[in-house]
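This is final-v3.txt (compact mmCIF, C-alpha atoms).
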# COMPACT_ATOMS: atom_id res chain seq x y z
CA MET A 1 120.52 88.64 52.63
CA ALA A 2 116.99 88.21 54.00
CA LYS A 3 116.04 85.35 56.27
CA ARG A 4 114.24 82.32 54.85
CA GLN A 5 110.48 82.74 54.63
CA ASP A 6 109.45 79.07 54.29
CA TYR A 7 110.54 77.87 57.74
CA LEU A 8 108.22 75.74 59.88
CA SER A 9 105.94 77.36 62.43
CA TRP A 10 106.24 76.00 65.98
CA ASP A 11 102.95 74.12 65.51
CA GLU A 12 104.10 72.53 62.24
CA TYR A 13 107.47 71.66 63.80
CA PHE A 14 106.02 69.91 66.84
CA MET A 15 103.27 68.18 64.84
CA GLY A 16 106.00 67.05 62.42
CA ILE A 17 107.87 65.50 65.35
CA ALA A 18 104.68 63.77 66.51
CA VAL A 19 104.08 62.37 63.01
CA LEU A 20 107.74 61.35 62.67
CA SER A 21 107.47 59.54 66.03
CA SER A 22 104.54 57.56 64.64
CA TYR A 23 106.96 55.92 62.20
CA ARG A 24 108.35 53.97 65.19
CA SER A 25 105.00 52.23 65.67
CA LYS A 26 104.84 48.63 64.48
CA ASP A 27 101.04 48.62 64.41
CA PRO A 28 100.06 47.47 60.91
CA SER A 29 96.81 49.47 60.83
CA THR A 30 97.22 52.66 62.87
CA GLN A 31 100.39 54.60 63.62
CA VAL A 32 100.13 57.55 65.99
CA GLY A 33 102.84 59.70 67.57
CA ALA A 34 102.73 62.38 70.24
CA CYS A 35 104.99 65.24 71.28
CA ILE A 36 104.65 67.13 74.59
CA VAL A 37 105.97 70.69 74.68
CA ASN A 38 106.29 73.17 77.54
CA GLN A 39 105.46 76.88 77.58
CA ASN A 40 108.99 77.72 76.34
CA ASN A 41 108.63 75.50 73.24
CA ARG A 42 110.93 72.87 74.72
CA ILE A 43 110.14 69.23 74.03
CA MET A 44 109.40 67.41 77.26
CA SER A 45 108.67 63.98 75.81
CA MET A 46 107.55 61.96 72.80
CA GLY A 47 105.75 58.67 72.31
CA TYR A 48 104.09 56.39 69.80
CA ASN A 49 101.56 53.57 69.98
CA GLY A 50 102.97 50.16 70.79
CA PHE A 51 103.23 47.45 73.41
CA PRO A 52 104.66 48.17 76.87
CA ALA A 53 108.39 47.66 77.40
CA GLY A 54 109.15 43.99 77.95
CA CYS A 55 106.17 42.77 75.93
CA ASP A 56 107.58 41.22 72.76
CA ASP A 57 105.65 42.61 69.80
CA ASP A 58 106.15 39.29 68.00
CA GLU A 59 104.36 37.46 70.82
CA PHE A 60 101.31 39.71 71.20
CA PRO A 61 98.43 40.06 68.71
CA TRP A 62 98.08 42.91 66.24
CA GLU A 63 94.54 41.89 65.20
CA ARG A 64 91.74 44.46 65.24
CA GLU A 65 88.81 42.05 65.33
CA GLY A 66 87.89 38.90 67.22
CA ASP A 67 87.86 38.00 70.89
CA THR A 68 89.19 41.06 72.73
CA TYR A 69 91.92 38.99 74.42
CA ASP A 70 93.27 38.08 70.98
CA THR A 71 93.30 41.65 69.61
CA LYS A 72 95.79 44.47 70.11
CA TYR A 73 93.38 46.60 72.16
CA PRO A 74 94.00 45.33 75.69
CA TYR A 75 97.79 45.53 75.18
CA VAL A 76 98.71 48.57 73.09
CA CYS A 77 99.77 51.71 74.89
CA HIS A 78 98.62 54.79 72.97
CA ALA A 79 101.06 57.49 71.87
CA GLU A 80 99.73 60.09 74.31
CA LEU A 81 100.09 57.82 77.34
CA ASN A 82 103.53 56.69 76.17
CA ALA A 83 104.64 60.31 75.87
CA ILE A 84 103.37 61.07 79.38
CA LEU A 85 105.09 57.98 80.82
CA ASN A 86 108.31 58.52 78.83
CA ASN A 87 108.61 61.92 80.50
CA ARG A 88 109.82 60.13 83.65
CA GLY A 89 108.03 62.36 86.12
CA ALA A 90 108.95 65.91 85.09
CA ASN A 91 106.18 68.44 85.66
CA LEU A 92 103.87 68.66 82.63
CA GLU A 93 101.64 71.34 84.16
CA GLY A 94 100.66 73.87 81.50
CA CYS A 95 102.22 71.90 78.62
CA ARG A 96 100.58 71.14 75.30
CA ILE A 97 100.51 67.83 73.47
CA TYR A 98 100.67 67.44 69.71
CA VAL A 99 99.03 64.35 68.27
CA ALA A 100 97.77 63.54 64.78
CA LEU A 101 94.61 61.82 65.99
CA PHE A 102 92.21 63.25 68.60
CA PRO A 103 92.79 61.37 71.90
CA CYS A 104 90.56 58.57 73.17
CA ASN A 105 88.87 58.76 76.57
CA GLU A 106 91.62 56.80 78.35
CA CYS A 107 94.33 59.12 77.01
CA ALA A 108 92.16 62.13 77.83
CA LYS A 109 92.16 61.08 81.49
CA ALA A 110 95.96 60.82 81.53
CA ILE A 111 96.36 64.14 79.71
CA ILE A 112 94.09 65.92 82.19
CA GLN A 113 95.68 64.28 85.25
CA SER A 114 99.20 65.19 84.06
CA GLY A 115 98.30 68.89 83.89
CA ILE A 116 98.57 69.30 80.11
CA LYS A 117 96.45 72.32 79.19
CA GLU A 118 96.21 72.10 75.38
CA VAL A 119 95.71 69.32 72.85
CA VAL A 120 96.77 70.16 69.28
CA TYR A 121 95.54 67.58 66.77
CA LEU A 122 95.27 67.09 63.01
CA SER A 123 92.32 64.73 62.64
CA ASN A 124 89.20 63.90 64.60
CA LYS A 125 87.93 61.18 62.27
CA TYR A 126 86.35 59.28 65.16
CA GLU A 127 84.56 62.30 66.63
CA THR A 128 81.13 60.63 66.68
CA THR A 129 82.30 57.56 68.63
CA PRO A 130 81.34 57.36 72.32
CA THR A 131 84.99 57.30 73.47
CA VAL A 132 85.95 60.47 71.59
CA ARG A 133 82.74 62.21 72.61
CA ALA A 134 83.63 61.33 76.22
CA SER A 135 87.14 62.73 75.66
CA ARG A 136 85.79 66.05 74.45
CA ARG A 137 83.38 66.20 77.39
CA MET A 138 86.19 65.63 79.90
CA PHE A 139 88.55 68.09 78.18
CA GLU A 140 85.89 70.79 78.18
CA ALA A 141 85.01 70.16 81.84
CA ALA A 142 88.70 70.30 82.82
CA GLY A 143 89.40 73.45 80.81
CA VAL A 144 91.82 71.80 78.38
CA LYS A 145 92.09 73.84 75.18
CA LEU A 146 91.46 71.88 71.97
CA THR A 147 93.09 73.13 68.78
CA GLN A 148 92.73 71.50 65.40
CA LEU A 149 95.87 72.36 63.46
CA THR A 150 95.43 73.53 59.89
CA PRO A 151 99.00 73.36 58.57
CA LYS A 152 100.18 75.69 55.82
CA ARG A 153 101.87 72.79 54.04
CA GLU A 154 100.66 69.30 53.20
CA SER A 155 103.96 67.53 53.79
CA ILE A 156 107.50 67.88 55.07
CA THR A 157 110.20 65.97 53.24
CA LEU A 158 113.15 64.62 55.21
CA SER A 159 116.35 63.34 53.72
CA LEU A 160 118.79 61.16 55.60
CA ASP A 161 121.37 61.53 52.84
CA PRO A 162 124.52 62.91 54.54
CA SER A 163 125.58 64.64 51.34
CA LYS A 164 122.53 66.92 51.60
CA VAL A 165 123.32 68.23 55.07
Show the structure stored in the file as structure tokens.
Amino acid sequence: MAKRQDYLSWDEYFMGIAVLSSYRSKDPSTQVGACIVNQNNRIMSMGYNGFPAGCDDDEFPWEREGDTYDTKYPYVCHAELNAILNNRGANLEGCRIYVALFPCNECAKAIIQSGIKEVVYLSNKYETTPTVRASRRMFEAAGVKLTQLTPKRESITLSLDPSKV
């Protein structure tokens, strides 16, 4: 019997985990997940966008517009930063981070400072915005490799039905 041919590549696997992590986000408009992987293809950490621990997501705003204080923006921790912080201090030097959406400038700073050397992303839909342009500029200056993933498949279907295991 020959081995299966339709298995996931490492990139599809780790991006799938990042996307699956995004399903934990309670943000009604944007859900992003991240997965940090070391040189041996071992997962170091994961994260998704949401409020910091201890900040009740029923008490803080989810609005996108209005007075900044009354929007989600000053409170939400992005998936990339959450993944870095969830790592609890292990060395991330030389790791790569998988994220569906190209990182903002604030996440770019944390990615660079943590020693991550590659960002693998699916979409860069905000590439013309000043914050994403600043991200790219910092990544290029710091020598962080940027890879836009072009997956071989459009979707991965998961079943939680125990009879199908």
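Excluding Ile111 of chain A and any residue on its chain fewer than 5 positions from it, the residues at most 8 Å away by all atoms listed in the file are Glu80, Leu81, Ile84 and Ile116 of chain A.
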* **Selected residue of minimal separation from Glu106 of chain A among A:Ser21, A:Thr71, A:Ser135, A:Thr157, counting all atoms listed in the file** => A:Ser135
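Among the candidates A:Ala142, A:Leu149, A:Ile97, A:Cys107, the residue lying nearest to Val37 of chain A is A:Ile97 (atoms considered: all atoms listed in the file).
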* Asked: Excluding same-chain residues fewer than 5 positions from Tyr121 of chain A, what lies within 6 Å of it counting only C-alpha atoms, as a ChimeraX atom specification?
  -> /A:98-102,148-149
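One distance worth recording is that between atom CA of Lys152 of chain A and atom CA of Tyr7 of chain A, which is 10.8 Å.
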